[in-house]
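Just below is one structure, and these are the notes that go with it.
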Amino acid sequence: MEQNLWNNFQKVRAKSPLVHNITNYVVMNSTANALLAIGASPVMAHSAEEVEDMEKIANALVINIGTLSPAWIAAMKLAVKKANALNKPIVLDPVGAGATAFRNKTITELLEAGKFSVIRANASEIMSMVSAENRTKGVDSTNTMEQAYDSAEYLCGKYNNVVCISGKTDIVMSGKLKMKIHNGHEMMSRVTGLGCTATAIIGAFIGTIEDAFTATVSAMAVIGVAGELAAKISAGPGSLQMNILDKLYNMSEQEFLQNVKIES
Amino acid sequence: MEQNLWNNFQKVRAKSPLVHNITNYVVMNSTANALLAIGASPVMAHSAEEVEDMEKIANALVINIGTLSPAWIAAMKLAVKKANALNKPIVLDPVGAGATAFRNKTITELLEAGKFSVIRANASEIMSMVSAENRTKGVDSTNTMEQAYDSAEYLCGKYNNVVCISGKTDIVMSGKLKMKIHNGHEMMSRVTGLGCTATAIIGAFIGTIEDAFTATVSAMAVIGVAGELAAKISAGPGSLQMNILDKLYNMSEQEFLQNVKIES
Amino acid sequence: MEQNLWNNFQKVRAKSPLVHNITNYVVMNSTANALLAIGASPVMAHSAEEVEDMEKIANALVINIGTLSPAWIAAMKLAVKKANALNKPIVLDPVGAGATAFRNKTITELLEAGKFSVIRANASEIMSMVSAENRTKGVDSTNTMEQAYDSAEYLCGKYNNVVCISGKTDIVMSGKLKMKIHNGHEMMSRVTGLGCTATAIIGAFIGTIEDAFTATVSAMAVIGVAGELAAKISAGPGSLQMNILDKLYNMSEQEFLQNVKIES
């Protein structure tokens, strides 16, 4: 399996998929750089006048709601519908789900607008997505990860897609398939947008690898190992951000295979 | 006093205040990273549909007018009013005050919309804010810092808040209280948005420390010392930007206390 | 000639021209930092309410269409007209020309709105600009660089300006004048927005040096040599981005003259 994940990374490098990002202002530069570092081709475009044309040439679409406004939401919906029509895979990053009614409403509208191959978020956002939909659903567990896990299973079942909960351990699930990735480093939470970066990298992998579950596991393993290796040579979050980009670019097969820690 | 400033920094790290930023596109990434590096939690959101909800969960609001447009100004006013209603402190960064009539008008409107706990700007912007209000006011001094100082005193008096002039020496004033911080490094002016970063860090401190004057002095001392220490190991502004983030994260009490230079 | 290019760089550092950028979200931070590193003063402003006022104080205008929307296009046209009226030089970066009908249309409208001193783009974008204008024009060559060269000559002739094709070799042309710059490094294509950075730096040079051809050659030589020197000490695109900023700031005359490779 580990070798398979590495091989998928090489397929991304070989294909250099064009990843269309409608994403937030904070991470546009850093996610474009991460996509370039892994060998993909990023394009950022958000205008209703051109997002459908972008889907024609893109291999995958990334929707990230970090810095929303009504015009962007309208364009996101157009892009989602066009990507679905053209059979281009989409990954959703519901940044800040639960923080405001506007975000919750937007997530609901996006999920109604079309089919997303993958949803990637942290535990709190995943739980908010479910409670926003179904506030009467009793959640008995007092354990956050267990609640997030239940919520992810619910989303998977409802939307028939892949859900990735990222955190200290990343969990990827799709129907009965489940995989945990025990990579990364706690300092990564002190660099803005590394979750968004993971989402963008998933975009590159689903734009290359047919199976969205395997693609997502591969993507999370690559960013997790890169972050872990980078943290070893970083004095703080500034150098960590730089070193992650370097590692995404120069990581060797041996480095990856010796460090990746997955569990089914 | 120096020990008190360090203790305030530790309070920020312990509380991890949520800082809502309505800021400019140029610095969104770098200020989010600076806030994370000091242990705060940034959120960037600018849509009229959600800024008021953000104030409910935020500990402080940062308003930065660097890349203005009418929709953003409207949202800024809503956020300011809501933050005032909820007693959440606000810091204003009047980027480019004096450069265009549009900026001057916006600053006036924002100051009319509500009460700001702190205004932080460079000498030229502080002077422009006063001359924009009061073009008939004679300014006799031919010394720029002296003029800026007078202007800051005028603003303090009129708005009953804290004003911080940042530059080679940072000056923080509030009514009769005055403090100078002699830290920083001239290469910092070659990194975009370090003034905006100081403003964002003030946001974290006023979201943690009740007294806005002490909070502002603490924040300016932390960014000043971090910049000064970072400059010693930086070959140019690229590495300086990275090293400042690292220092904001890993600065020790000893490093801070041995380098901070304040004067009342 | 090489010495002349270096002298032009020193003129930029001495003048510190104010460069008004209406540019894309992805590169706002990185191009502002590059402008600061070479000693210029960047301002980013995009609102129709203030772009004309910015032209009054700016020494040059940079128009970059990377992340377009209708409101921005309207402001770009206002800025272009005002800059022309005030005789301030403009450089155009037609990012993604050919990718969507919206971009092609926008480029046409911008070129109709006013006169650009310089157009800088990669080969594919330059060719798209010509084919978008003149789809019936037969292009016989099967060699991409040759086609791009022909397209650049066509644009030069039509708009009577300087055209720069950037790539492995950068080509700058203006009427009968032609110059090639053989600097840079292939890893630069793995850092987002270095093309946009080149455009912004051209902005600083045309805001300082009267002759747009010489200004553009100088700018491309400076970024090319900085990139080449930075690549030698970079483990990947993360450190490359940082080291380029450092080199733009600390490059010595000797480093520049020993490494610059131009050919007429």
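Residues in the structure tokens are numbered from 1 in each chain, the chains being A, B, ... in the order shown, and ligands are numbered from 1 in the order shown.
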>> Contacts from chain A to chain C, 10 Å maximum, only C-alpha atoms: show me the residue list as a ChimeraX atom specification.
In response: /A:24-54,56-57,71,239-251
Selection to disk with N, CA and C atoms, as a CSV table (one decimal), in the first residue's frame:
```csv
chain,number,residue,atom,x,y,z
A,24,ASN,N,-9.8,30.8,-0.9
A,24,ASN,CA,-9.8,32.0,-0.1
A,24,ASN,C,-8.5,32.8,-0.3
A,25,TYR,N,-8.6,34.1,-0.1
A,25,TYR,CA,-7.5,35.1,-0.3
A,25,TYR,C,-6.3,34.7,0.5
A,26,VAL,N,-6.5,34.2,1.7
A,26,VAL,CA,-5.4,34.0,2.6
A,26,VAL,C,-4.4,33.0,2.1
A,27,VAL,N,-4.9,31.9,1.4
A,27,VAL,CA,-4.0,30.8,1.0
A,27,VAL,C,-3.8,30.7,-0.5
A,28,MET,N,-4.2,31.7,-1.2
A,28,MET,CA,-4.0,31.6,-2.7
A,28,MET,C,-2.5,31.4,-3.1
A,29,ASN,N,-1.7,32.2,-2.4
A,29,ASN,CA,-0.3,32.1,-2.8
A,29,ASN,C,0.3,30.8,-2.3
A,30,SER,N,0.0,30.4,-1.0
A,30,SER,CA,0.7,29.2,-0.5
A,30,SER,C,0.1,27.9,-1.1
A,31,THR,N,-1.1,27.9,-1.5
A,31,THR,CA,-1.6,26.7,-2.1
A,31,THR,C,-1.2,26.6,-3.6
A,32,ALA,N,-1.1,27.7,-4.2
A,32,ALA,CA,-0.5,27.7,-5.6
A,32,ALA,C,0.9,27.1,-5.5
A,33,ASN,N,1.7,27.6,-4.5
A,33,ASN,CA,3.1,27.1,-4.4
A,33,ASN,C,3.2,25.6,-4.1
A,34,ALA,N,2.3,25.2,-3.2
A,34,ALA,CA,2.3,23.7,-2.9
A,34,ALA,C,1.9,22.9,-4.1
A,35,LEU,N,1.0,23.4,-4.9
A,35,LEU,CA,0.6,22.6,-6.1
A,35,LEU,C,1.8,22.6,-7.1
A,36,LEU,N,2.5,23.7,-7.2
A,36,LEU,CA,3.7,23.7,-8.1
A,36,LEU,C,4.8,22.8,-7.6
A,37,ALA,N,4.9,22.8,-6.3
A,37,ALA,CA,6.0,22.0,-5.6
A,37,ALA,C,5.8,20.5,-5.9
A,38,ILE,N,4.5,20.1,-5.9
A,38,ILE,CA,4.3,18.6,-6.2
A,38,ILE,C,4.3,18.3,-7.7
A,39,GLY,N,4.4,19.3,-8.5
A,39,GLY,CA,4.4,19.1,-9.9
A,39,GLY,C,3.1,19.4,-10.6
A,40,ALA,N,2.1,19.8,-9.9
A,40,ALA,CA,0.8,20.1,-10.5
A,40,ALA,C,0.8,21.6,-11.1
A,41,SER,N,-0.3,21.9,-11.8
A,41,SER,CA,-0.4,23.3,-12.4
A,41,SER,C,-1.6,24.0,-11.8
A,42,PRO,N,-1.4,25.0,-11.0
A,42,PRO,CA,-2.6,25.6,-10.4
A,42,PRO,C,-3.1,26.7,-11.2
A,43,VAL,N,-4.4,26.9,-11.2
A,43,VAL,CA,-5.0,28.2,-11.7
A,43,VAL,C,-6.1,28.6,-10.7
A,44,MET,N,-6.0,29.9,-10.4
A,44,MET,CA,-6.9,30.6,-9.5
A,44,MET,C,-7.8,31.5,-10.4
A,45,ALA,N,-9.1,31.2,-10.4
A,45,ALA,CA,-10.1,32.1,-11.1
A,45,ALA,C,-11.4,32.0,-10.4
A,46,HIS,N,-12.1,33.1,-10.3
A,46,HIS,CA,-13.3,33.1,-9.4
A,46,HIS,C,-14.5,33.8,-10.1
A,47,SER,N,-14.3,34.3,-11.3
A,47,SER,CA,-15.3,35.2,-11.9
A,47,SER,C,-16.4,34.3,-12.6
A,48,ALA,N,-17.7,34.6,-12.3
A,48,ALA,CA,-18.7,33.9,-13.0
A,48,ALA,C,-18.5,33.9,-14.5
A,49,GLU,N,-17.9,34.9,-15.0
A,49,GLU,CA,-17.6,35.0,-16.5
A,49,GLU,C,-16.7,34.0,-17.0
A,50,GLU,N,-15.9,33.3,-16.2
A,50,GLU,CA,-14.9,32.4,-16.8
A,50,GLU,C,-14.8,31.1,-16.1
A,51,VAL,N,-15.5,30.9,-14.9
A,51,VAL,CA,-15.2,29.6,-14.2
A,51,VAL,C,-15.6,28.4,-15.0
A,52,GLU,N,-16.7,28.5,-15.8
A,52,GLU,CA,-17.1,27.3,-16.6
A,52,GLU,C,-16.1,27.0,-17.6
A,53,ASP,N,-15.5,28.0,-18.2
A,53,ASP,CA,-14.4,27.8,-19.2
A,53,ASP,C,-13.2,27.1,-18.6
A,54,MET,N,-12.9,27.5,-17.3
A,54,MET,CA,-11.8,26.9,-16.6
A,54,MET,C,-12.0,25.4,-16.4
A,56,LYS,N,-13.4,23.4,-18.4
A,56,LYS,CA,-13.1,22.6,-19.6
A,56,LYS,C,-11.7,22.2,-19.7
A,57,ILE,N,-10.8,23.0,-19.2
A,57,ILE,CA,-9.4,22.7,-19.3
A,57,ILE,C,-8.8,22.1,-18.0
A,71,ALA,N,-20.8,37.0,-4.6
A,71,ALA,CA,-20.4,36.8,-6.0
A,71,ALA,C,-19.6,35.5,-6.2
A,239,SER,N,10.0,29.0,9.0
A,239,SER,CA,10.9,28.1,8.3
A,239,SER,C,10.1,26.8,7.9
A,240,LEU,N,9.1,26.4,8.8
A,240,LEU,CA,8.3,25.2,8.5
A,240,LEU,C,7.6,25.4,7.1
A,241,GLN,N,7.0,26.5,6.9
A,241,GLN,CA,6.2,26.8,5.7
A,241,GLN,C,7.2,26.6,4.5
A,242,MET,N,8.3,27.2,4.6
A,242,MET,CA,9.3,27.1,3.5
A,242,MET,C,9.8,25.7,3.3
A,243,ASN,N,10.1,25.0,4.4
A,243,ASN,CA,10.7,23.7,4.3
A,243,ASN,C,9.6,22.7,3.7
A,244,ILE,N,8.4,22.9,4.0
A,244,ILE,CA,7.3,22.0,3.5
A,244,ILE,C,7.3,22.1,2.0
A,245,LEU,N,7.4,23.3,1.5
A,245,LEU,CA,7.4,23.5,0.0
A,245,LEU,C,8.6,22.8,-0.6
A,246,ASP,N,9.8,23.0,0.1
A,246,ASP,CA,11.0,22.3,-0.4
A,246,ASP,C,10.8,20.8,-0.4
A,247,LYS,N,10.2,20.2,0.7
A,247,LYS,CA,10.1,18.8,0.8
A,247,LYS,C,9.1,18.2,-0.2
A,248,LEU,N,8.0,19.0,-0.4
A,248,LEU,CA,7.0,18.5,-1.4
A,248,LEU,C,7.7,18.4,-2.8
A,249,TYR,N,8.7,19.2,-3.0
A,249,TYR,CA,9.4,19.2,-4.3
A,249,TYR,C,10.5,18.2,-4.3
A,250,ASN,N,11.3,18.0,-3.2
A,250,ASN,CA,12.5,17.2,-3.3
A,250,ASN,C,12.4,15.9,-2.5
A,251,MET,N,11.2,15.5,-2.0
A,251,MET,CA,11.1,14.3,-1.2
A,251,MET,C,11.5,13.1,-2.0
```
> Out of range 59-249 of chain B, which residues get strand (DSSP E) from DSSP, as a ChimeraX atom specification?
Replying inline: /B:60-64,90-93,118-122,162-166,170-174,177-181
> Please, what distance in Å, to one decimal, runs between CA of Met188 in chain B and CA of Ser166 in chain B?
Replying inline: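 Computing the Euclidean distance for CA of Met188 in chain B and CA of Ser166 in chain B yields 11.7 Å.
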>> I need the helix (DSSP H, G or I) residues of range 146-215 of chain C per DSSP on the backbone, written as a PyMOL selection string.
In response: chain C and resi 146-159+186-190+194-206+212-215
With C-alpha atoms retained, write the just-selected residues as an mmCIF file, in the first residue's frame.
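Output below, filename again_0.cif:
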```
data_model
loop_
_atom_site.group_PDB
_atom_site.id
_atom_site.type_symbol
_atom_site.label_atom_id
_atom_site.label_comp_id
_atom_site.auth_asym_id
_atom_site.auth_seq_id
_atom_site.Cartn_x
_atom_site.Cartn_y
_atom_site.Cartn_z
ATOM 1 C CA GLU C 146 9.576 30.825 -33.361
ATOM 2 C CA GLN C 147 5.819 31.303 -33.343
ATOM 3 C CA ALA C 148 6.015 33.287 -30.120
ATOM 4 C CA TYR C 149 8.764 35.399 -31.636
ATOM 5 C CA ASP C 150 6.612 36.136 -34.689
ATOM 6 C CA SER C 151 3.656 36.956 -32.464
ATOM 7 C CA ALA C 152 5.753 39.303 -30.363
ATOM 8 C CA GLU C 153 6.956 41.098 -33.489
ATOM 9 C CA TYR C 154 3.352 41.442 -34.602
ATOM 10 C CA LEU C 155 2.320 42.936 -31.237
ATOM 11 C CA CYS C 156 5.323 45.282 -31.209
ATOM 12 C CA GLY C 157 4.415 46.549 -34.624
ATOM 13 C CA LYS C 158 0.745 46.942 -33.918
ATOM 14 C CA TYR C 159 1.072 48.633 -30.521
ATOM 15 C CA GLU C 186 14.246 26.067 -14.337
ATOM 16 C CA MET C 187 13.194 25.727 -10.674
ATOM 17 C CA MET C 188 11.764 29.254 -10.950
ATOM 18 C CA SER C 189 8.774 27.762 -12.787
ATOM 19 C CA ARG C 190 7.915 25.933 -9.538
ATOM 20 C CA LEU C 194 7.725 34.832 -10.643
ATOM 21 C CA GLY C 195 6.513 35.924 -14.068
ATOM 22 C CA CYS C 196 4.238 38.425 -12.331
ATOM 23 C CA THR C 197 7.223 39.449 -10.222
ATOM 24 C CA ALA C 198 9.219 40.131 -13.373
ATOM 25 C CA THR C 199 6.341 42.297 -14.608
ATOM 26 C CA ALA C 200 6.215 44.249 -11.346
ATOM 27 C CA ILE C 201 9.968 44.803 -11.490
ATOM 28 C CA ILE C 202 9.615 46.051 -15.065
ATOM 29 C CA GLY C 203 7.107 48.512 -13.590
ATOM 30 C CA ALA C 204 9.762 49.854 -11.224
ATOM 31 C CA PHE C 205 12.293 50.177 -14.050
ATOM 32 C CA ILE C 206 9.982 51.931 -16.521
ATOM 33 C CA ALA C 212 11.224 51.357 -21.982
ATOM 34 C CA PHE C 213 13.332 48.897 -23.991
ATOM 35 C CA THR C 214 16.444 49.404 -21.857
ATOM 36 C CA ALA C 215 14.330 49.489 -18.707
#
```
> Counting only C-alpha atoms, what is within 12 Å of Thr216 in chain A, bar same-chain residues fewer than 3 positions away, as a ChimeraX atom specification?
Replying inline: /A:5,8-9,89-91,117-120,161-166,170-174,178-181,198-213,219-224
Now that the selection is made, can you save its residues with C-alpha atoms as an mmCIF file, in the first residue's frame?
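The result, stored in out.cif:
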```cif
data_model
loop_
_atom_site.group_PDB
_atom_site.id
_atom_site.type_symbol
_atom_site.label_atom_id
_atom_site.label_comp_id
_atom_site.auth_asym_id
_atom_site.auth_seq_id
_atom_site.Cartn_x
_atom_site.Cartn_y
_atom_site.Cartn_z
ATOM 1 C CA LEU A 5 0.824 5.836 -2.426
ATOM 2 C CA ASN A 8 0.401 7.784 -7.139
ATOM 3 C CA PHE A 9 2.540 10.792 -6.246
ATOM 4 C CA PRO A 89 -13.731 15.647 -9.752
ATOM 5 C CA ILE A 90 -14.247 18.260 -7.042
ATOM 6 C CA VAL A 91 -12.916 18.584 -3.504
ATOM 7 C CA SER A 117 -15.821 13.638 -4.800
ATOM 8 C CA VAL A 118 -14.115 14.550 -1.552
ATOM 9 C CA ILE A 119 -14.773 16.716 1.521
ATOM 10 C CA ARG A 120 -11.731 17.559 3.667
ATOM 11 C CA ASN A 161 -18.237 10.427 -1.397
ATOM 12 C CA VAL A 162 -14.902 10.429 0.355
ATOM 13 C CA VAL A 163 -14.592 12.343 3.634
ATOM 14 C CA CYS A 164 -11.253 13.241 5.170
ATOM 15 C CA ILE A 165 -10.953 14.467 8.759
ATOM 16 C CA SER A 166 -7.550 16.015 9.193
ATOM 17 C CA ASP A 170 -5.890 12.014 9.464
ATOM 18 C CA ILE A 171 -8.849 9.757 8.752
ATOM 19 C CA VAL A 172 -10.028 9.070 5.207
ATOM 20 C CA MET A 173 -13.258 7.169 4.674
ATOM 21 C CA SER A 174 -15.478 6.106 1.812
ATOM 22 C CA LYS A 178 -11.232 3.515 6.074
ATOM 23 C CA MET A 179 -7.619 4.546 6.430
ATOM 24 C CA LYS A 180 -5.697 6.451 9.076
ATOM 25 C CA ILE A 181 -2.525 8.455 8.411
ATOM 26 C CA ALA A 198 -3.926 19.510 1.951
ATOM 27 C CA THR A 199 -7.227 20.145 0.157
ATOM 28 C CA ALA A 200 -5.470 21.636 -2.874
ATOM 29 C CA ILE A 201 -3.104 18.660 -3.014
ATOM 30 C CA ILE A 202 -6.109 16.309 -2.862
ATOM 31 C CA GLY A 203 -7.333 18.245 -5.904
ATOM 32 C CA ALA A 204 -4.148 17.367 -7.790
ATOM 33 C CA PHE A 205 -4.434 13.705 -6.821
ATOM 34 C CA ILE A 206 -8.120 13.282 -7.729
ATOM 35 C CA GLY A 207 -7.304 15.017 -11.015
ATOM 36 C CA THR A 208 -4.794 12.241 -11.691
ATOM 37 C CA ILE A 209 -5.951 9.052 -9.906
ATOM 38 C CA GLU A 210 -9.366 7.643 -10.809
ATOM 39 C CA ASP A 211 -10.208 6.275 -7.370
ATOM 40 C CA ALA A 212 -10.940 9.217 -5.047
ATOM 41 C CA PHE A 213 -10.359 7.224 -1.852
ATOM 42 C CA ALA A 219 -2.423 13.177 -0.922
ATOM 43 C CA MET A 220 -2.729 13.217 2.869
ATOM 44 C CA ALA A 221 0.266 10.902 3.220
ATOM 45 C CA VAL A 222 2.386 13.159 0.992
ATOM 46 C CA ILE A 223 1.576 16.373 2.853
ATOM 47 C CA GLY A 224 1.833 14.585 6.208
#
```
> CA of Val217 in chain A and CA of Ile107 in chain A are how many Å apart?
Replying inline: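 A separation of 23.4 Å between them.
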